[in-house]
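Chemist: Provided herewith: my_file_33.csv, CSV, C-alpha atoms.
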chain,number,residue,atom,x,y,z
A,20,MET,CA,127.6,83.2,118.9
A,21,ILE,CA,124.3,84.4,117.4
A,22,GLU,CA,121.8,85.4,120.0
A,23,LEU,CA,118.2,84.2,119.3
A,24,THR,CA,116.5,87.6,119.6
A,25,LEU,CA,113.1,88.5,118.2
A,26,GLN,CA,114.8,90.6,115.6
A,27,PHE,CA,117.0,87.7,114.5
A,28,LEU,CA,114.1,85.2,114.3
A,29,SER,CA,112.1,87.8,112.3
A,30,PHE,CA,115.1,88.2,109.9
A,31,MET,CA,115.2,84.5,109.4
A,32,ALA,CA,111.5,84.3,108.8
A,33,SER,CA,111.8,87.0,106.2
A,34,ALA,CA,114.8,85.2,104.6
A,35,LEU,CA,112.6,82.1,104.3
A,36,LEU,CA,109.7,84.0,102.8
A,37,ILE,CA,112.1,85.6,100.3
A,38,LEU,CA,113.5,82.2,99.3
A,39,ILE,CA,110.0,80.6,99.0
A,40,GLY,CA,109.0,83.6,96.8
A,41,ILE,CA,112.0,83.3,94.5
A,42,ALA,CA,111.6,79.6,94.2
A,43,GLY,CA,107.9,79.9,93.5
A,44,MET,CA,108.4,82.6,90.9
A,45,LEU,CA,111.1,80.6,89.1
A,46,PHE,CA,109.8,77.0,89.3
A,47,LEU,CA,106.0,77.1,89.5
A,48,ASP,CA,104.3,76.9,86.1
A,49,ASN,CA,100.9,78.4,87.0
A,50,LEU,CA,100.8,82.2,86.5
A,51,ILE,CA,98.5,82.9,89.5
A,52,LYS,CA,100.9,80.8,91.7
A,53,LYS,CA,103.8,82.9,90.4
A,54,ILE,CA,101.9,86.1,91.4
A,55,ILE,CA,101.2,84.6,94.9
A,56,ALA,CA,105.0,83.8,95.1
A,57,PHE,CA,105.7,87.4,94.2
A,58,THR,CA,103.5,88.7,97.0
A,59,LEU,CA,105.3,86.3,99.4
A,60,LEU,CA,108.6,87.7,98.3
A,61,SER,CA,107.3,91.2,98.8
A,62,ASP,CA,106.0,90.3,102.3
A,63,GLY,CA,109.4,88.8,103.2
A,64,VAL,CA,111.1,92.1,102.2
A,65,ASN,CA,108.5,94.1,104.2
A,66,LEU,CA,109.0,91.9,107.3
A,67,ALA,CA,112.8,92.5,107.0
A,68,LEU,CA,112.3,96.2,106.8
A,69,VAL,CA,110.0,96.3,109.8
A,70,SER,CA,112.5,94.2,111.7
A,71,LEU,CA,115.2,96.7,111.0
A,72,GLY,CA,113.4,99.2,113.3
A,73,TYR,CA,112.9,96.9,116.1
A,74,PHE,CA,115.0,96.8,119.3
A,75,GLU,CA,114.5,95.1,122.7
A,76,GLY,CA,112.1,97.2,124.9
A,77,GLY,CA,111.2,99.7,122.1
A,78,VAL,CA,107.8,101.3,122.1
A,79,VAL,CA,105.6,102.4,119.2
A,80,ALA,CA,106.6,105.8,117.8
A,81,ILE,CA,103.4,107.6,118.6
A,82,LEU,CA,103.2,110.0,121.6
A,83,THR,CA,100.5,109.1,124.0
A,84,PRO,CA,99.3,111.2,126.9
A,85,GLY,CA,101.7,111.0,129.8
A,86,THR,CA,104.7,109.9,127.7
A,87,SER,CA,108.0,111.4,128.9
A,88,VAL,CA,109.4,113.8,126.3
A,89,ALA,CA,112.9,113.2,127.4
A,90,GLU,CA,112.8,109.4,127.2
A,91,PHE,CA,110.6,109.0,124.0
A,92,PRO,CA,113.4,109.6,121.4
A,93,GLN,CA,115.5,106.7,122.8
A,94,ASN,CA,112.6,104.4,123.6
A,95,ALA,CA,110.6,104.7,120.4
A,96,VAL,CA,111.3,102.1,117.6
A,97,LEU,CA,113.2,103.3,114.5
A,98,ILE,CA,110.6,104.7,112.1
A,99,PHE,CA,112.5,104.4,108.8
A,100,GLY,CA,111.6,100.7,108.4
A,101,PRO,CA,107.8,101.0,108.6
A,102,GLY,CA,108.1,104.2,106.5
A,103,ILE,CA,109.8,102.3,103.7
A,104,VAL,CA,107.3,99.5,104.1
A,105,LEU,CA,104.5,102.0,103.2
A,106,THR,CA,106.2,102.6,99.9
A,107,ASN,CA,106.8,98.9,99.3
A,108,ILE,CA,103.1,98.2,99.9
A,109,VAL,CA,102.0,100.8,97.4
A,110,ILE,CA,104.5,99.5,94.8
A,111,GLY,CA,103.3,95.9,95.6
A,112,VAL,CA,99.7,96.8,95.1
A,113,SER,CA,100.3,98.5,91.8
A,114,THR,CA,102.6,95.7,90.5
A,115,THR,CA,100.2,93.0,91.6
A,116,ALA,CA,97.3,94.8,89.8
A,117,VAL,CA,99.2,95.0,86.6
A,118,LEU,CA,100.4,91.3,86.9
A,119,VAL,CA,96.8,90.1,87.4
A,120,ALA,CA,95.6,92.2,84.5
A,121,LEU,CA,98.3,90.8,82.2
A,122,THR,CA,97.4,87.3,83.4
A,123,MET,CA,93.7,87.8,82.6
A,124,VAL,CA,94.7,89.0,79.1
A,125,LEU,CA,97.0,86.0,78.6
A,126,TYR,CA,94.2,83.6,79.8
A,127,LYS,CA,91.7,85.1,77.3
A,128,ARG,CA,94.3,84.8,74.5
A,129,TYR,CA,95.7,81.4,75.2
A,130,GLY,CA,93.0,79.7,77.3
A,131,THR,CA,95.6,78.5,79.9
A,132,LEU,CA,97.4,79.8,82.9
A,133,LYS,CA,100.5,77.6,82.3
A,134,ALA,CA,103.5,79.7,81.6
A,135,SER,CA,105.2,76.9,79.7
A,136,LYS,CA,102.2,76.7,77.2
A,137,VAL,CA,102.0,80.5,76.9
A,138,LEU,CA,105.7,80.7,76.1
A,139,LYS,CA,105.3,78.1,73.4
A,140,GLY,CA,102.5,80.1,72.0
A,141,GLU,CA,99.9,77.3,72.1
A,142,ARG,CA,96.5,78.9,71.5
A,143,LYS,CA,93.2,77.4,72.7
B,18,MET,CA,108.9,75.8,83.9
B,19,GLU,CA,107.1,72.6,84.7
B,20,MET,CA,108.2,70.6,87.8
B,21,LYS,CA,109.0,67.5,85.7
B,22,GLU,CA,111.7,69.5,83.9
B,23,LEU,CA,113.5,69.8,87.2
B,24,ARG,CA,114.4,66.2,87.5
B,25,GLY,CA,118.0,65.1,87.2
B,26,SER,CA,120.9,67.6,86.8
B,27,ARG,CA,118.7,70.6,86.2
B,28,GLY,CA,117.0,70.0,89.6
B,29,VAL,CA,120.4,69.7,91.3
B,30,LEU,CA,121.5,73.0,89.7
B,31,ALA,CA,118.2,74.7,90.8
B,32,ALA,CA,118.7,73.5,94.4
B,33,VAL,CA,122.3,74.7,94.5
B,34,ALA,CA,121.2,78.1,93.1
B,35,LEU,CA,118.5,78.5,95.7
B,36,LEU,CA,120.9,77.5,98.4
B,37,ILE,CA,123.4,80.2,97.3
B,38,ILE,CA,120.6,82.8,97.3
B,39,PHE,CA,119.4,81.6,100.8
B,40,ILE,CA,123.0,81.8,102.2
B,41,GLY,CA,123.5,85.2,100.7
B,42,VAL,CA,120.3,86.6,102.1
B,43,THR,CA,120.8,85.0,105.5
B,44,VAL,CA,124.4,86.2,105.9
B,45,ALA,CA,123.3,89.7,105.1
B,46,PHE,CA,120.5,89.6,107.7
B,47,VAL,CA,122.9,88.1,110.3
B,48,GLN,CA,125.3,91.0,109.8
B,49,LEU,CA,122.4,93.5,110.1
B,50,ASN,CA,121.1,91.8,113.3
B,51,GLY,CA,121.7,94.3,116.2
B,52,ASN,CA,123.9,96.6,114.0
B,53,VAL,CA,121.2,98.9,112.6
B,54,ALA,CA,122.2,102.6,112.8
B,55,ARG,CA,119.5,104.8,114.3
B,56,GLY,CA,119.9,107.4,111.6
B,57,ILE,CA,117.3,110.2,111.5
B,58,SER,CA,114.6,108.4,113.5
B,59,PRO,CA,115.6,109.7,117.0
B,60,GLU,CA,115.6,113.3,115.6
B,61,TYR,CA,112.0,113.0,114.5
B,62,ASN,CA,111.1,111.3,117.7
B,63,ARG,CA,112.8,114.2,119.6
B,64,LEU,CA,110.7,116.7,117.7
B,65,ALA,CA,107.4,114.8,117.8
B,66,HIS,CA,106.0,116.9,120.7
B,67,LEU,CA,106.4,120.0,118.5
B,68,GLN,CA,105.1,118.5,115.2
B,69,GLN,CA,102.6,115.7,115.6
B,70,PRO,CA,102.3,112.7,117.9
B,71,ASN,CA,102.7,110.2,115.0
B,72,SER,CA,106.4,110.3,114.3
B,73,LEU,CA,106.1,107.9,111.3
B,74,SER,CA,103.7,110.2,109.5
B,75,ALA,CA,105.9,113.2,110.2
B,76,TRP,CA,108.9,111.3,108.8
B,77,VAL,CA,107.1,110.1,105.7
B,78,TYR,CA,105.8,113.5,104.7
B,79,ASP,CA,108.6,115.7,105.9
B,80,TRP,CA,112.0,113.9,105.5
B,81,ARG,CA,110.9,111.9,102.4
B,82,GLY,CA,107.9,114.0,101.4
B,83,PHE,CA,109.0,114.2,97.7
B,84,ASP,CA,109.6,110.4,97.5
B,85,THR,CA,106.1,109.9,98.9
B,86,LEU,CA,104.7,112.3,96.2
B,87,ILE,CA,106.3,110.1,93.5
B,88,GLU,CA,105.1,107.0,95.2
B,89,THR,CA,101.6,108.3,95.2
B,90,GLY,CA,101.9,108.7,91.4
B,91,VAL,CA,103.1,105.1,91.1
B,92,ILE,CA,99.8,103.6,92.3
B,93,TYR,CA,97.9,105.9,89.9
B,94,VAL,CA,100.1,104.7,87.1
B,95,GLY,CA,99.4,101.1,88.2
B,96,ALA,CA,95.6,101.7,87.9
B,97,VAL,CA,96.0,103.3,84.5
B,98,VAL,CA,98.1,100.5,83.2
B,99,SER,CA,95.6,97.9,84.5
B,100,VAL,CA,92.8,99.8,82.6
B,101,LEU,CA,94.9,99.8,79.4
B,102,VAL,CA,95.8,96.1,79.7
B,103,ILE,CA,92.3,94.8,80.6
B,104,GLY,CA,89.9,97.3,79.3
B,105,ARG,CA,91.0,98.3,75.8
B,106,GLY,CA,93.5,95.6,75.0
B,107,LEU,CA,96.0,98.3,73.8
B,108,VAL,CA,99.0,96.3,75.0
B,109,ARG,CA,99.5,93.8,72.2
B,110,MET,CA,102.6,91.7,71.4
B,111,LYS,CA,104.3,92.6,68.1
B,112,GLN,CA,103.9,89.2,66.6
B,113,VAL,CA,100.1,89.3,67.0
B,114,GLU,CA,99.5,92.7,65.6
B,115,GLY,CA,97.3,91.4,62.9
B,116,GLU,CA,95.0,89.7,65.4
B,117,GLU,CA,91.7,90.9,66.8
B,118,PRO,CA,92.0,92.9,70.1
B,119,VAL,CA,91.3,91.0,73.4
B,120,PRO,CA,87.5,90.4,73.7
B,121,GLN,CA,85.7,92.9,76.0
B,122,THR,CA,83.7,90.7,78.4
B,123,SER,CA,83.1,91.5,82.1
B,124,LEU,CA,83.8,88.9,84.8
B,125,ASP,CA,80.9,86.7,85.8
B,126,LEU,CA,79.6,87.7,89.2
B,127,LYS,CA,76.8,85.5,90.5
B,128,ILE,CA,75.0,88.2,92.5
B,129,GLY,CA,71.7,86.3,92.5
B,130,SER,CA,73.2,83.5,94.5
B,131,VAL,CA,74.0,85.8,97.5
B,132,ASN,CA,71.5,85.3,100.3
B,133,ALA,CA,69.1,88.3,100.8
B,134,ILE,CA,69.6,88.2,104.6
B,135,LEU,CA,73.4,88.5,104.1
B,136,LYS,CA,72.8,91.6,102.1
B,137,TYR,CA,71.2,93.3,105.1
B,138,PHE,CA,74.3,92.6,107.1
B,139,ILE,CA,76.6,93.7,104.4
B,140,PHE,CA,74.9,97.1,103.8
B,141,PRO,CA,75.8,98.6,107.2
B,142,LEU,CA,79.3,97.0,106.9
B,143,VAL,CA,79.9,98.9,103.7
B,144,ILE,CA,78.8,102.2,105.2
B,145,LEU,CA,80.7,101.6,108.4
B,146,LEU,CA,83.9,100.7,106.5
B,147,ALA,CA,83.6,103.9,104.4
B,148,ALA,CA,83.1,105.9,107.7
B,149,TYR,CA,86.1,104.1,109.3
B,150,GLY,CA,88.2,105.2,106.3
B,151,ILE,CA,87.2,108.8,106.8
B,152,LEU,CA,87.9,108.5,110.5
B,153,ILE,CA,91.4,107.1,109.8
B,154,VAL,CA,92.4,110.0,107.5
B,155,THR,CA,91.0,112.7,109.7
B,156,GLY,CA,92.9,111.4,112.7
B,157,ALA,CA,96.1,110.6,110.8
B,158,ALA,CA,98.2,113.1,112.6
B,159,THR,CA,97.5,111.6,116.0
B,160,SER,CA,97.0,107.9,115.2
B,161,GLY,CA,98.8,105.3,113.2
B,162,GLY,CA,96.7,105.7,110.0
B,163,GLY,CA,97.1,107.9,107.0
B,164,GLY,CA,95.9,108.6,103.5
B,165,PHE,CA,96.9,105.3,102.0
B,166,GLN,CA,95.2,103.3,104.8
B,167,CYS,CA,92.0,105.4,104.4
B,168,GLY,CA,92.1,104.7,100.6
B,169,VAL,CA,92.5,101.0,101.0
B,170,VAL,CA,89.6,100.8,103.6
B,171,VAL,CA,87.2,102.7,101.4
B,172,ALA,CA,88.2,100.7,98.4
B,173,SER,CA,87.5,97.5,100.4
B,174,ALA,CA,84.1,98.9,101.2
B,175,TYR,CA,83.6,99.5,97.4
B,176,LEU,CA,84.7,96.0,96.5
B,177,ILE,CA,82.4,94.3,99.1
B,178,GLY,CA,79.5,96.4,97.9
B,179,ALA,CA,80.3,95.5,94.3
B,180,VAL,CA,80.5,91.8,95.1
B,181,PHE,CA,77.2,91.7,97.1
B,182,PHE,CA,75.1,94.3,95.4
B,183,GLY,CA,76.5,94.5,91.9
B,184,LYS,CA,75.1,97.5,90.1
B,185,LYS,CA,73.1,98.6,93.2
B,186,ASN,CA,76.4,99.1,95.1
B,187,PRO,CA,75.8,101.6,98.0
B,188,LEU,CA,79.2,103.2,97.0
B,189,ASN,CA,78.3,103.4,93.3
B,190,PHE,CA,81.4,105.2,92.0
B,191,ARG,CA,81.5,105.8,88.3
B,192,ARG,CA,84.8,105.7,86.5
B,193,LYS,CA,84.8,109.4,85.6
B,194,PHE,CA,84.3,110.2,89.3
B,195,LEU,CA,87.2,107.9,90.2
B,196,ILE,CA,89.5,109.4,87.6
B,197,ALA,CA,88.5,112.8,88.9
B,198,ILE,CA,89.1,112.2,92.6
B,199,GLY,CA,92.3,110.3,91.9
B,200,SER,CA,93.7,113.2,89.8
B,201,PHE,CA,92.5,115.8,92.3
B,202,GLY,CA,94.2,113.9,95.2
B,203,TRP,CA,97.5,113.8,93.4
B,204,ALA,CA,97.3,117.4,92.3
B,205,LEU,CA,96.4,118.5,95.9
B,206,TYR,CA,99.4,116.6,97.3
B,207,ALA,CA,101.7,118.1,94.6
B,208,LEU,CA,100.4,121.7,95.0
B,209,LEU,CA,100.7,121.6,98.8
B,210,GLY,CA,104.5,121.6,98.2
B,211,LEU,CA,104.3,124.9,96.4
B,212,PRO,CA,104.2,127.3,99.4
B,213,GLY,CA,107.3,125.7,100.8
B,214,TYR,CA,109.1,125.9,97.5
B,215,LEU,CA,108.2,129.5,96.9
B,216,VAL,CA,109.5,130.6,100.3
B,217,THR,CA,112.4,128.2,101.0
B,218,GLY,CA,113.2,126.6,97.7
B,219,TYR,CA,112.4,123.1,99.2
B,220,TRP,CA,109.4,121.4,97.6
B,221,GLN,CA,107.1,119.9,100.3
B,222,TYR,CA,108.7,121.9,103.1
B,223,ASN,CA,106.1,121.9,105.9
B,224,VAL,CA,105.5,125.7,106.3
B,225,GLY,CA,102.8,125.1,108.9
B,226,THR,CA,105.0,123.3,111.4
B,227,ASP,CA,108.3,125.0,110.3
B,228,LEU,CA,110.7,122.8,112.3
B,229,TRP,CA,113.9,123.7,110.6
B,230,SER,CA,114.0,127.4,109.9
B,231,SER,CA,115.6,128.1,113.2
B,232,ILE,CA,118.7,126.1,112.2
B,233,ALA,CA,121.7,128.3,111.0
B,234,GLY,CA,122.0,128.3,107.3
B,235,PHE,CA,118.4,127.7,106.5
B,236,PRO,CA,117.6,129.7,103.3
B,237,ALA,CA,114.5,131.7,104.6
B,238,GLN,CA,112.3,132.6,107.4
B,239,ILE,CA,108.6,131.5,107.1
B,240,PRO,CA,106.1,134.4,107.0
B,241,SER,CA,103.7,134.3,109.9
B,242,ILE,CA,100.7,134.3,107.6
B,243,LEU,CA,101.7,130.8,106.4
B,244,HIS,CA,101.9,129.6,110.1
B,245,THR,CA,98.4,131.0,110.5
B,246,ILE,CA,97.0,129.4,107.4
B,247,PHE,CA,98.7,126.0,107.5
B,248,GLY,CA,99.7,125.6,111.1
B,249,ASP,CA,97.0,127.0,113.5
B,250,PRO,CA,94.0,125.0,112.2
B,251,TYR,CA,95.7,121.7,113.3
B,252,ARG,CA,97.2,122.8,116.6
B,253,LEU,CA,97.0,120.2,119.4
B,254,ALA,CA,97.6,120.5,123.1
B,255,LEU,CA,99.7,117.5,124.1
B,256,VAL,CA,99.8,116.8,127.8
B,257,LEU,CA,103.0,114.9,128.3
B,258,LYS,CA,105.4,114.2,131.1
B,259,GLY,CA,107.5,117.3,130.9
B,260,GLY,CA,104.7,119.8,130.3
B,261,THR,CA,101.9,120.8,127.8
B,262,PHE,CA,103.1,121.3,124.2
B,263,TYR,CA,101.1,123.0,121.5
B,264,SER,CA,102.1,121.0,118.4
B,265,THR,CA,100.9,121.4,114.9
B,266,ALA,CA,101.1,118.9,112.0
B,267,GLY,CA,101.0,121.7,109.4
B,268,ILE,CA,100.3,120.6,105.9
B,269,VAL,CA,100.5,116.9,106.8
B,270,PRO,CA,96.7,116.4,107.4
B,271,LEU,CA,96.0,118.1,104.1
B,272,ILE,CA,98.5,115.9,102.3
B,273,ASN,CA,96.9,112.9,103.9
B,274,ILE,CA,93.5,113.9,102.5
B,275,GLY,CA,95.1,114.3,99.0
B,276,GLU,CA,96.7,110.9,99.2
B,277,ALA,CA,93.4,109.4,100.4
B,278,PHE,CA,91.6,110.8,97.4
B,279,ASN,CA,94.3,109.5,95.1
B,280,VAL,CA,94.4,106.0,96.5
B,281,ILE,CA,90.5,105.7,96.6
B,282,GLY,CA,90.5,106.7,92.9
B,283,ALA,CA,93.3,104.4,91.9
B,284,ILE,CA,92.3,101.2,93.8
B,285,CYS,CA,88.6,101.5,93.1
B,286,LEU,CA,89.5,102.0,89.4
B,287,ILE,CA,91.5,98.8,89.5
B,288,PHE,CA,88.6,96.9,91.2
B,289,LEU,CA,86.1,98.5,88.7
B,290,VAL,CA,88.0,97.5,85.7
B,291,PHE,CA,88.5,93.9,87.0
B,292,ILE,CA,84.8,93.5,87.7
B,293,TYR,CA,83.1,95.4,84.9
B,294,GLY,CA,85.7,95.8,82.2
B,295,TRP,CA,86.1,99.2,80.5
B,296,SER,CA,84.0,99.2,77.3
B,297,ASP,CA,81.5,102.0,76.9
B,298,THR,CA,78.6,99.6,76.8
B,299,GLU,CA,79.5,98.2,80.2
B,300,GLU,CA,79.5,101.7,81.7
B,301,ALA,CA,76.2,102.4,80.2
B,302,LYS,CA,74.8,99.1,81.6
B,303,ALA,CA,76.2,99.8,85.1
How does this structure look as C-alpha cells?

Modeler:
Amino acid sequence: MIELTLQFLSFMASALLILIGIAGMLFLDNLIKKIIAFTLLSDGVNLALVSLGYFEGGVVAILTPGTSVAEFPQNAVLIFGPGIVLTNIVIGVSTTAVLVALTMVLYKRYGTLKASKVLKGERK
Amino acid sequence: MEMKELRGSRGVLAAVALLIIFIGVTVAFVQLNGNVARGISPEYNRLAHLQQPNSLSAWVYDWRGFDTLIETGVIYVGAVVSVLVIGRGLVRMKQVEGEEPVPQTSLDLKIGSVNAILKYFIFPLVILLAAYGILIVTGAATSGGGGFQCGVVVASAYLIGAVFFGKKNPLNFRRKFLIAIGSFGWALYALLGLPGYLVTGYWQYNVGTDLWSSIAGFPAQIPSILHTIFGDPYRLALVLKGGTFYSTAGIVPLINIGEAFNVIGAICLIFLVFIYGWSDTEEAKA
C-alpha cells in the first residue's frame, strides 16, 4: 500500500508536470507554447530532484546558531537533489535563451510562430 | 502538429503513447518514494561545522566542483549562441544560403508610455536589487545564496532598468563590459582550481578548508601558506550546541564571486541582445 507522504505527492506532481510538458512540446503548434511546455517539463524534473532529498522531519542543510553538531548530519535534508537542481536551472536558462532566439529568427523569416507552417517552409 | 490532425486514430495513438510515458514515469517515482540512499550528503553535513554553515554550497563546489565549472561555461555558451543567432544571423539553414541574412532590427520598447511617477519607484528598486545581489554573493558561505543567485538578481535589475529607462538605464552595461566580466568570472573560477591541482593533483581541491588531507592515502599535505592565503580570511566562529568551531569556507567565497561575474555577464548579454540586437549601429545609438 502506497503511503500518501509529502514526498509521494510531490513526485506525482512532478510526473504530471513532466507529462504536460511532453504533451505540450509534441502536440502544440505554437513555438512559444512549445517553449513554455519545455520549461514546465524542466520544472517537473526540478521538483522531482528536490523531492529526492526530502524526508519527514528533515531540516534545511544550513547550520544556524545553537544547532546540535551531533544531530545535524542525520536531521538535515539530502543536499544532492537541490545541488543538481542548480545545474538544471543553469542549463534550462541557457537552453530557453537559445530557443527564444531561434524562435525570433524563425518569426522574422517566416512571419508566423506556427511550427506546421515553418516546417512546410511557407514564407510571409 | 496542429490539434485538428490529432482526430481519429492518430489521436488515439497519441493518447496511448502519453499514457505509457505517464505510467513509466509514475512507476519510477513510486519505486523511488522512501527508497533514496543518503549517499555523500550526511558526510558533508557532518563536516559542515569545519567548512561552512551552508552544506549545499560546500557540496556543489567541493564534491562536484569540476562539474560546476563546466556548468558555469554552459551558460556563457548559451549567451554566445543567442548573440550569434539573433545578432548577426550567422546560423542559417543550408537551403537558404543564397538569401539575405536575418534583418537587424531591435525590439520595439515603448518607453515613453511608462508613467514618470513609476520611474521614481523603479529607480531605487533597481539599485536595491543590485545591492541585494551583492549581499547574496558576499554571504554565500553562510546563507542559502550563491554566485548564480547573485547573477540572476543583478540581471533582473538590469532588465527592469532597461524596460523602464531604456538607454538611460541606471545599470548601463555595455556589451564589451559584459563580455569582459563574463570571461573574467569564468577565468577566476577556473584558475582557483590551480593551487589545489599543483599541490594535490585534484583540480578545484579546496586548499583553504583542506578537509581531506588527513585521510590516509591522500596524495599530499597542504602547505600552511595556502591555509593562510585561502583559509584564514574567511574564518567564522560558529557557536553551536557542542562548542564553538572556527570554520573556513576556503576558496568557495572566491569561486562564488567568479561565478557571479560570469552569470551577470552571460544573462545581461542575453537580455541586451534580445532588447537592442547586436549590430554596431545599435551599440552606437545606445

Chemist: Restricting the calculation to only C-alpha atoms: of A:Gly76, A:Gly100, A:Ala56, A:Phe30, which residue gets closest to chain B?

Modeler: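 When distances to chain B are compared using only C-alpha atoms, the smallest one comes from A:Phe30.
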
Chemist: Identify all chain A residues at most 8 Å from chain B by counting all atoms listed in the file; ligands do not count. Present them as number ranges by chain.

Modeler: A: 26-27, 30-31, 34-35, 38, 42, 45-48, 71-72, 74, 80-89, 91-93, 95, 97-99, 101-102, 106, 109-110, 112-114, 116-117, 120-121, 123-124, 127-128, 134-135

Chemist: Calculate how many Å separate atom CA of B:Gly267 from atom CA of B:Val154, rounding to one decimal.

Modeler: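 Result for atom CA of B:Gly267 versus atom CA of B:Val154: 14.6 Å, one decimal.
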
Chemist: One decimal, Å: what's the distance from atom CA of B:Leu205 over to atom CA of A:Leu105, could you say?

Modeler: 19.8 Å

Chemist: Would you mind reading off the distance between atom CA of B:Phe182 and atom CA of B:Lys136, one decimal, in Å?

Modeler: 7.6 Å

Chemist: So that I can see what lies close to B:Leu146, please list as a PDB file with C-alpha atoms, in the frame of the given file the residues with an atom at most 9 Å from it, counting all atoms listed in the file and leaving out residues fewer than 2 positions away in the same chain.

Modeler:
ATOM      1  CA  PRO B 141      75.800  98.600 107.200  1.00  0.00           C
ATOM      2  CA  LEU B 142      79.300  97.000 106.900  1.00  0.00           C
ATOM      3  CA  VAL B 143      79.900  98.900 103.700  1.00  0.00           C
ATOM      4  CA  ILE B 144      78.800 102.200 105.200  1.00  0.00           C
ATOM      5  CA  ALA B 148      83.100 105.900 107.700  1.00  0.00           C
ATOM      6  CA  TYR B 149      86.100 104.100 109.300  1.00  0.00           C
ATOM      7  CA  GLY B 150      88.200 105.200 106.300  1.00  0.00           C
ATOM      8  CA  ILE B 151      87.200 108.800 106.800  1.00  0.00           C
ATOM      9  CA  VAL B 170      89.600 100.800 103.600  1.00  0.00           C
ATOM     10  CA  VAL B 171      87.200 102.700 101.400  1.00  0.00           C
ATOM     11  CA  SER B 173      87.500  97.500 100.400  1.00  0.00           C
ATOM     12  CA  ALA B 174      84.100  98.900 101.200  1.00  0.00           C
TER      13      ALA B 174
END

Chemist: Taking the point (89.4, 103.4, 87.1) as given in the file, collect each protein or nucleic acid residue that comes within 6 Å of it, counting all atoms listed in the file, and present the set as a PyMOL selection string.

Modeler: chain B and resi 192+195+286-287

Chemist: Identify which of the residues A:Asn49, A:Asn94, A:Thr58, A:Asn107 lies closest to A:Tyr73, counting all atoms listed in the file when measuring atom-to-atom distances.

Modeler: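 Closest residue, counting all atoms listed in the file: A:Asn94.
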
Chemist: Point out the residue among B:Ser26, B:Asn189, B:Gln48, B:Thr226 with the least atom-to-atom distance to B:Cys285, counting all atoms listed in the file.

Modeler: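 Closest residue, counting all atoms listed in the file: B:Asn189.
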
Chemist: Please list as a compact mmCIF listing (two decimals) with C-alpha atoms, in the frame of the given file every residue within 7 Å of A:Glu141, counting all atoms listed in the file and excluding residues in the same chain fewer than 3 positions away.

Modeler:
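That gives us selection23.txt:
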# COMPACT_ATOMS: atom_id res chain seq x y z
CA TYR A 129 95.70 81.40 75.20
CA LYS A 136 102.20 76.70 77.20
CA VAL A 137 102.00 80.50 76.90

Chemist: Check the smallest atom-to-atom distance from each of B:Phe181, B:Trp229, B:Phe83, B:Tyr263 to B:Ala133 using only C-alpha atoms, then report the winner.

Modeler: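 Of the candidates, the smallest distance to B:Ala133 is held by B:Phe181.
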